[in-house]
Every structure is written in C-alpha cells, then in structure tokens.
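target36.cif follows (mmCIF, C-alpha atoms (C1' of nucleotides)):
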data_coords
loop_
_atom_site.label_atom_id
_atom_site.label_comp_id
_atom_site.auth_asym_id
_atom_site.auth_seq_id
_atom_site.Cartn_x
_atom_site.Cartn_y
_atom_site.Cartn_z
CA MET A 14 -16.77 -17.32 32.97
CA LYS A 15 -19.61 -15.03 32.02
CA LYS A 16 -19.76 -13.30 28.64
CA LEU A 17 -20.45 -9.59 28.89
CA PRO A 18 -23.92 -8.55 27.65
CA ARG A 19 -24.83 -5.68 25.36
CA GLU A 20 -25.56 -3.35 28.29
CA PHE A 21 -21.94 -3.49 29.32
CA TYR A 22 -20.98 -1.55 26.21
CA GLU A 23 -23.60 1.15 26.55
CA GLY A 24 -23.23 4.53 28.22
CA ASP A 25 -20.37 6.96 28.72
CA THR A 26 -17.23 6.04 26.82
CA LEU A 27 -14.75 7.13 29.50
CA ASP A 28 -16.62 5.10 32.12
CA MET A 29 -16.61 2.13 29.84
CA SER A 30 -12.90 2.51 29.16
CA LYS A 31 -12.22 2.04 32.85
CA ARG A 32 -14.71 -0.82 33.09
CA LEU A 33 -12.80 -2.60 30.34
CA LEU A 34 -9.64 -2.91 32.42
CA GLY A 35 -9.30 -6.39 33.91
CA LYS A 36 -11.83 -7.95 31.53
CA TYR A 37 -10.79 -10.84 29.30
CA LEU A 38 -10.80 -10.69 25.52
CA VAL A 39 -11.52 -14.05 23.90
CA HIS A 40 -11.04 -15.03 20.27
CA LYS A 41 -12.24 -18.45 19.18
CA ASP A 42 -9.94 -19.05 16.28
CA ASN A 43 -9.42 -22.24 14.30
CA GLY A 44 -10.56 -24.44 17.16
CA THR A 45 -8.27 -22.77 19.67
CA GLU A 46 -9.33 -20.30 22.32
CA LEU A 47 -7.09 -17.27 22.50
CA MET A 48 -7.46 -15.11 25.57
CA GLY A 49 -5.84 -12.01 27.04
CA ARG A 50 -6.61 -9.74 29.96
CA ILE A 51 -7.15 -6.10 29.04
CA VAL A 52 -4.62 -3.92 30.84
CA GLU A 53 -4.50 -0.72 28.75
CA VAL A 54 -7.04 1.15 26.59
CA GLU A 55 -7.63 4.55 24.99
CA ALA A 56 -10.96 6.31 24.47
CA TYR A 57 -11.80 8.07 21.20
CA LYS A 58 -14.87 10.26 21.25
CA GLY A 59 -15.62 11.01 17.63
CA PRO A 60 -17.60 14.22 17.27
CA GLN A 61 -15.56 16.35 19.70
CA ASP A 62 -12.20 14.57 19.58
CA LYS A 63 -9.60 15.65 17.04
CA ALA A 64 -7.66 12.44 17.59
CA ALA A 65 -10.57 10.23 16.52
CA HIS A 66 -11.04 8.79 13.04
CA SER A 67 -14.66 9.89 13.34
CA TYR A 68 -13.85 13.46 14.38
CA ASN A 69 -16.56 15.93 13.45
CA ASN A 70 -18.79 12.99 12.49
CA LYS A 71 -16.55 12.12 9.61
CA ARG A 72 -18.14 9.17 7.89
CA THR A 73 -16.12 6.91 5.62
CA GLU A 74 -16.40 3.22 4.85
CA ARG A 75 -13.69 2.49 7.41
CA VAL A 76 -15.45 4.11 10.37
CA GLU A 77 -18.99 3.14 9.43
CA ILE A 78 -19.23 0.52 12.18
CA MET A 79 -18.71 3.25 14.81
CA TYR A 80 -22.08 4.74 13.90
CA GLY A 81 -23.91 1.55 14.75
CA PRO A 82 -24.78 0.14 18.18
CA PRO A 83 -22.10 -0.42 20.85
CA GLY A 84 -20.40 -3.75 21.40
CA PHE A 85 -19.03 -4.28 17.90
CA ALA A 86 -15.41 -4.49 16.74
CA TYR A 87 -13.82 -1.60 14.86
CA ILE A 88 -10.63 -2.97 13.31
CA PHE A 89 -8.35 -0.79 11.22
CA ALA A 90 -5.10 -1.35 9.38
CA ILE A 91 -2.14 0.90 10.11
CA TYR A 92 1.37 1.40 8.74
CA GLY A 93 0.77 -1.24 6.15
CA MET A 94 1.54 -4.17 8.40
CA TYR A 95 -0.50 -3.99 11.59
CA TYR A 96 -4.07 -3.99 12.82
CA CYS A 97 -5.63 -2.26 15.80
CA MET A 98 -8.77 -3.39 17.57
CA ASN A 99 -11.34 -1.04 19.05
CA ILE A 100 -14.66 -1.62 20.73
CA VAL A 101 -17.54 0.57 19.61
CA SER A 102 -19.04 2.34 22.63
CA ALA A 103 -21.71 4.88 23.63
CA GLU A 104 -24.96 4.57 21.68
CA THR A 105 -26.14 4.19 18.10
CA GLY A 106 -25.31 7.30 16.11
CA THR A 107 -22.46 8.39 18.40
CA PRO A 108 -19.19 7.31 16.78
CA ASN A 109 -17.10 6.53 19.85
CA ALA A 110 -14.69 3.64 20.22
CA ILE A 111 -12.08 2.36 22.63
CA LEU A 112 -8.71 1.15 21.42
CA ILE A 113 -7.30 -1.92 23.12
CA ARG A 114 -3.65 -1.04 23.61
CA ALA A 115 -2.30 -3.92 25.68
CA LEU A 116 -3.19 -7.34 26.99
CA GLU A 117 -1.73 -9.67 29.54
CA PRO A 118 -1.35 -13.00 27.68
CA ILE A 119 -3.51 -15.69 29.27
CA SER A 120 -4.12 -18.59 26.91
CA ASP A 121 -3.33 -20.53 24.81
CA LEU A 122 0.16 -19.19 25.57
CA ASN A 123 1.80 -21.47 23.07
CA GLN A 124 -0.63 -20.57 20.29
CA LEU A 125 -0.29 -16.85 21.06
CA SER A 126 3.47 -17.21 20.78
CA ILE A 127 3.25 -19.05 17.48
CA ASN A 128 0.90 -16.44 16.06
CA ARG A 129 3.17 -13.62 17.18
CA TYR A 130 6.67 -15.01 16.73
CA ASN A 131 6.17 -18.25 14.86
CA LYS A 132 7.87 -20.19 17.62
CA PRO A 133 6.75 -22.02 20.77
CA TYR A 134 6.25 -20.24 24.06
CA SER A 135 8.97 -22.34 25.66
CA ASP A 136 11.52 -20.71 23.34
CA LEU A 137 10.73 -17.17 24.48
CA ASN A 138 13.00 -15.20 26.74
CA LYS A 139 11.65 -12.85 29.38
CA ARG A 140 11.78 -9.89 27.05
CA ALA A 141 9.86 -11.67 24.29
CA ILE A 142 7.16 -12.66 26.76
CA ILE A 143 6.73 -9.05 27.88
CA ASN A 144 6.64 -7.88 24.27
CA MET A 145 4.11 -10.43 23.16
CA THR A 146 0.95 -8.28 23.55
CA ASN A 147 2.08 -4.92 25.00
CA GLY A 148 0.95 -2.78 22.06
CA PRO A 149 -2.14 -2.51 19.85
CA GLY A 150 -0.53 -4.05 16.76
CA LYS A 151 1.29 -6.71 18.73
CA LEU A 152 -1.81 -7.95 20.49
CA CYS A 153 -3.76 -8.21 17.25
CA LYS A 154 -1.03 -10.29 15.75
CA ALA A 155 -0.87 -12.64 18.76
CA MET A 156 -4.66 -12.92 18.96
CA ARG A 157 -4.98 -13.30 15.18
CA ILE A 158 -7.31 -10.34 14.95
CA ASN A 159 -7.39 -8.77 11.50
CA LYS A 160 -9.66 -7.18 8.93
CA SER A 161 -11.81 -10.31 8.79
CA ASN A 162 -12.94 -9.43 12.32
CA TYR A 163 -14.16 -5.97 11.28
CA GLY A 164 -17.70 -5.43 12.49
CA GLU A 165 -17.78 -8.58 14.62
CA ASP A 166 -20.56 -8.55 17.22
CA LEU A 167 -18.92 -8.91 20.63
CA CYS A 168 -22.13 -10.46 21.90
CA GLY A 169 -21.54 -13.36 19.49
CA ASP A 170 -19.47 -16.51 19.89
CA LYS A 171 -16.32 -15.69 17.96
CA LEU A 172 -14.85 -12.58 19.55
CA TYR A 173 -16.14 -11.45 22.92
CA LEU A 174 -15.31 -10.32 26.45
CA VAL A 175 -15.75 -12.16 29.70
CA GLU A 176 -16.06 -10.88 33.24
CA SER A 177 -13.07 -10.20 35.51
CA ARG A 178 -12.18 -12.47 38.37
CA ASP A 179 -14.39 -11.85 41.40
CA ASN A 180 -13.06 -9.70 44.20
CA GLU A 181 -10.28 -8.40 42.04
CA GLU A 182 -8.88 -5.06 43.13
CA ILE A 183 -7.20 -3.01 40.43
CA GLU A 184 -5.84 0.51 40.58
CA ILE A 185 -6.48 2.56 37.46
CA CYS A 186 -4.00 5.10 36.09
CA GLU A 187 -4.60 7.64 33.36
CA SER A 188 -2.42 9.57 30.92
CA PRO A 189 -2.56 11.34 27.56
CA ARG A 190 -2.95 9.08 24.55
CA ILE A 191 -0.08 7.69 22.51
CA ASN A 192 1.00 8.89 19.05
CA ILE A 193 -1.67 11.47 18.32
CA ASP A 194 0.63 14.46 17.77
CA TYR A 195 -1.67 15.77 15.04
CA ALA A 196 -4.62 16.19 17.42
CA GLU A 197 -3.98 19.76 18.67
CA GLU A 198 -5.76 20.40 21.98
CA ALA A 199 -6.88 16.76 22.17
CA ILE A 200 -3.24 15.73 22.58
CA HIS A 201 -3.56 16.50 26.27
CA TYR A 202 -6.85 14.77 27.08
CA PRO A 203 -6.16 12.09 29.75
CA TRP A 204 -8.03 9.38 27.89
CA ARG A 205 -5.54 6.56 28.13
CA PHE A 206 -6.24 4.19 31.02
CA PHE A 207 -4.16 1.33 32.33
CA ILE A 208 -3.76 -0.96 35.31
CA LYS A 209 -1.19 0.32 37.77
CA ASP A 210 2.07 -1.63 37.85
CA ASN A 211 0.93 -4.18 35.32
CA PRO A 212 4.04 -5.46 33.51
CA PHE A 213 2.29 -5.84 30.16
CA ILE A 214 1.35 -2.21 29.42
CA SER A 215 3.06 -0.26 26.62
CA TYR A 216 5.59 2.44 27.57
CA PRO A 217 5.74 1.28 31.23
CA ASN A 218 8.22 3.99 32.22
CA LYS A 219 6.78 6.98 30.45
CA TRP A 220 4.01 7.97 32.87
CA LYS A 221 3.77 7.48 36.59
CA CYS A 222 0.38 6.79 38.02
"C1'" DA B 24 16.80 7.53 15.54
"C1'" DA B 25 14.96 5.80 11.52
"C1'" DA B 26 13.23 2.38 8.29
"C1'" DA B 27 9.61 -0.72 6.88
"C1'" DT B 28 5.22 -0.94 4.56
"C1'" DG B 29 0.55 -0.54 2.28
"C1'" DA B 30 -4.40 0.67 3.38
"C1'" DT B 31 -6.93 4.77 3.69
"C1'" DC B 32 -8.24 9.46 2.66
"C1'" DA B 33 -8.96 13.90 0.49
"C1'" DA B 34 -7.69 16.58 -3.22
"C1'" DG B 35 -8.11 17.33 -7.90
"C1'" DT C 25 -5.81 8.73 -9.88
"C1'" DT C 26 -2.29 10.05 -6.78
"C1'" DG C 27 0.47 11.68 -3.05
"C1'" DA C 28 0.55 12.20 1.94
"C1'" DT C 29 -0.61 10.33 6.05
"C1'" DC C 30 -0.50 7.09 9.83
"C1'" DA C 31 -4.40 5.35 17.20
"C1'" DT C 32 2.94 0.89 15.03
"C1'" DT C 33 6.83 -2.13 15.44
"C1'" DT C 34 11.45 -3.37 14.86
"C1'" DT C 35 16.11 -2.82 14.70
"C1'" DA C 36 20.15 -0.41 15.63
#
Would you mind writing the file out in structure tokens?
Amino acid sequence: MKKLPREFYEGDTLDMSKRLLGKYLVHKDNGTELMGRIVEVEAYKGPQDKAAHSYNNKRTERVEIMYGPPGFAYIFAIYGMYYCMNIVSAETGTPNAILIRALEPISDLNQLSINRYNKPYSDLNKRAIINMTNGPGKLCKAMRINKSNYGEDLCGDKLYLVESRDNEEIEICESPRINIDYAEEAIHYPWRFFIKDNPFISYPNKWKC
DNA sequence: AAAATGATCAAG
DNA sequence: TTGATCATTTTA
C-alpha cells in the first residue's frame, strides 16, 4: 500500500475532496494500526466561504495550520466533547481544508471498537457497527485522533493516507454541507462529497445522489 | 426534540 | 474576563 505524497494534497480543493474518496486513512497509534476508508468529506474554502473557520482570512491560533502547506492535519474541538479532523489543502497561504466526515472501518476492527465503545467488536450489533465511524466526531474517537494530532504532517509516519485499491470504481455524489446554518449563501454550496450507496456515510437518507 | 459539554472567539 | 457560539452525538 502506497503512502500518498505531498503532490496529492496540492491544487484545487474541490478536486482534492473528490480524490480523497476511497483513500485509506491510517493512524499508527500505540503499536496498533488503525485504518478507515474515506467515504464522505466536506470542502471549506477559507477566504470566500462563510462556513469556513478561516473565512475572510481570519487568522487565529486554532486555524494557523491552514495557512501553511497542504497535507497537514487541522484538528479542532467541538461541543466540548468531540474532535473533527480536516486535511489542509490548496497551497501555502490559502487557508482551505477538507473535513473528513465518515469512514468505513477497516482495521483493527477490534481496537476501533474499543476506542469508540470500550467493548470488543464481537459485542457490537449491526447498528453499532454502522455507527462506529459515520460522523466526524465518531471517527475521531474510533481512530483516537485528538488535539495531540493537530498539525501532524500527513507525509510522516504517524497519520497518513494510502492509495485506493486498484481498478476501484466509485460513484461520487454531492450535496450541501451539514450543520452550517449560520453560513448564509454558503449554506447551499454543494461541497459535501460522498461515495454513492456506501453504508457508512452520515445521514444516508437525507440526500439522493 | 433536546440535553450534554467545554474549547474557542470576539467583545469590552 | 466573560458570555455566546458551535463543521456533534446521544438519548428519548
């Protein structure tokens, strides 16, 4: 499995969002390898995008990493108890990032389950399996991604992406983004992308492809 | 439908 | 310093 190079993260953020689908996110954590397949993302294009934390080139300590080169992790805390993981995109100086909204759990399934629910995978019912990583906060919990991963270089050995399976055909759907009611005209931008019919996306019944 | 929960931000 | 907000999840 080939780790994605820096060039993968460069260029147009919407293009990259679609490129991300089907790739594998890997977290080497405590001697275990945690892995999930990316099935849903959202693009945030700072300067022009009222939904983005970096809208209008807003520059705070939290978003600082978005102003650096692409291919780094932007992690933020939300609602007191959850984390969300984004991948910095575009080029240095352009504060764009892509939120990872859902994963298909791949491995180590038992460790993912323990991280998420504190019980073994074999104890999970069908519903718990579906709910394991089908949201941005859920997947961070299962993958043990938190503030300590802020600013991680995805071209390093700790947190990174690997290539999709060869010859894989996926159909990409798009929709407006989730939970950005404050974003005025940006509410309607179709910048959420997901793999058609994948069972692990969030809100599977809300938008048809 | 609504609570839980605390980091982050902008105002003052 | 403080009060409001929030790219969510859970439970009911």
Write out as a PDB file with C-alpha atoms, in the coordinates of the input each polymer residue whose atoms come within 10 Å of DT32 (chain C), counting only C-alpha atoms (C1' of nucleotides); drop sequence neighbours fewer than 6 positions from it.
ATOM      1  CA  ILE A  91      -2.140   0.900  10.110  1.00  0.00           C
ATOM      2  CA  TYR A  92       1.370   1.400   8.740  1.00  0.00           C
ATOM      3  CA  GLY A  93       0.770  -1.240   6.150  1.00  0.00           C
ATOM      4  CA  MET A  94       1.540  -4.170   8.400  1.00  0.00           C
ATOM      5  CA  TYR A  95      -0.500  -3.990  11.590  1.00  0.00           C
ATOM      6  CA  TYR A  96      -4.070  -3.990  12.820  1.00  0.00           C
ATOM      7  CA  CYS A  97      -5.630  -2.260  15.800  1.00  0.00           C
ATOM      8  CA  GLY A 148       0.950  -2.780  22.060  1.00  0.00           C
ATOM      9  CA  PRO A 149      -2.140  -2.510  19.850  1.00  0.00           C
ATOM     10  CA  GLY A 150      -0.530  -4.050  16.760  1.00  0.00           C
ATOM     11  CA  LYS A 151       1.290  -6.710  18.730  1.00  0.00           C
ATOM     12  CA  ASN A 192       1.000   8.890  19.050  1.00  0.00           C
TER      13      ASN A 192
END
(request) Please write the residues picked by the PyMOL selection byres ((chain B and resi 30) around 7) on this file as a list in words. (result)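 Evaluating the PyMOL selection byres ((chain B and resi 30) around 7) on these coordinates yields Ala90 and Gly93 of chain A; DG29 and DT31 of chain B.
Across the model, the gap from CA of Met156 (chain A) to CA of Leu172 (chain A) is 10.2 Å.
Counting from CA of Glu184 (chain A), the distance to CA of Lys31 (chain A) is 10.1 Å.
Closest approach to chain C from the set A:Ile142, A:Met79, A:Leu33, A:Ile113 is made by A:Ile113, with distances taken over only C-alpha atoms (C1' of nucleotides).
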(request) Could you check which of A:Ile127, A:Ile100, A:Ile193, A:Ile119 is closest to chain C, using only C-alpha atoms (C1' of nucleotides)? (result)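 Selected residue with least distance to chain C: A:Ile193.
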(request) Can you work out the spacing between CA of Leu116 (chain A) and CA of Gly35 (chain A) in Å, to one decimal? (result)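 Separating CA of Leu116 (chain A) from CA of Gly35 (chain A) is a distance of 9.3 Å.
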(message) Can you spell out as a PyMOL selection string the set of residues that the PyMOL selection byres ((chain C and resi 26) around 10) selects in the structure I just provided?
(response) (chain B and resi 34-35) or (chain C and resi 25+27-28)
Just-selected residues, C-alpha atoms (C1' of nucleotides) written as a PDB file, in the frame of the given file:
ATOM      1  C1'  DA B  34      -7.690  16.580  -3.220  1.00  0.00           C
ATOM      2  C1'  DG B  35      -8.110  17.330  -7.900  1.00  0.00           C
TER       3       DG B  35
ATOM      4  C1'  DT C  25      -5.810   8.730  -9.880  1.00  0.00           C
ATOM      5  C1'  DG C  27       0.470  11.680  -3.050  1.00  0.00           C
ATOM      6  C1'  DA C  28       0.550  12.200   1.940  1.00  0.00           C
TER       7       DA C  28
END
Output as JSON lines one row per residue of chain C within 12 Å of chain A: the closest atom pair and its distance in Å to one decimal place, counting all atoms listed in the file, sorted by chain and residue number ascending.
{"residue": "C:DT29", "atom": "C1'", "partner": "A:Tyr92", "partner_atom": "CA", "distance": 9.5}
{"residue": "C:DC30", "atom": "C1'", "partner": "A:Tyr92", "partner_atom": "CA", "distance": 6.1}
{"residue": "C:DA31", "atom": "C1'", "partner": "A:Asn192", "partner_atom": "CA", "distance": 6.7}
{"residue": "C:DT32", "atom": "C1'", "partner": "A:Gly150", "partner_atom": "CA", "distance": 6.3}
{"residue": "C:DT33", "atom": "C1'", "partner": "A:Gly150", "partner_atom": "CA", "distance": 7.7}
{"residue": "C:DT34", "atom": "C1'", "partner": "A:Lys151", "partner_atom": "CA", "distance": 11.4}
Residues near DA24 (chain B), cut-off 12 Å, only C-alpha atoms (C1' of nucleotides), skip fewer than 2 positions along chain, as a PDB file with C-alpha atoms (C1' of nucleotides), in the coordinates of the input:
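Dumped to selection-v1.pdb:
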ATOM      1  C1'  DA B  26      13.230   2.380   8.290  1.00  0.00           C
TER       2       DA B  26
ATOM      3  C1'  DT C  35      16.110  -2.820  14.700  1.00  0.00           C
ATOM      4  C1'  DA C  36      20.150  -0.410  15.630  1.00  0.00           C
TER       5       DA C  36
END
(message) For the provided coordinates, the residues matched by the PyMOL selection byres ((chain A and resi 59) around 9) should be stated as number ranges by chain.
(response) A: 57-58, 60-71, 79, 107-110
(message) as a ChimeraX atom specification, please: the residues near region 132-140 of chain A (cut-off 7 Å, all atoms listed in the file, same-chain neighbours under 4 positions excluded).
(response) /A:122-123,126-127,144
(message) as a PyMOL selection string, please: the residues near region 215-221 of chain A (cut-off 7 Å, all atoms listed in the file, same-chain neighbours under 5 positions excluded).
(response) chain A and resi 115+147-148+188
Please write out, as JSON, where the centre of an axis-aligned box around all listed atoms of chain B lies and how long its edges are, in Å to one decimal, after adding 4 Å on each side.
{"center_x": 3.9, "center_y": 8.2, "center_z": 3.8, "size_x": 33.8, "size_y": 26.3, "size_z": 31.4}
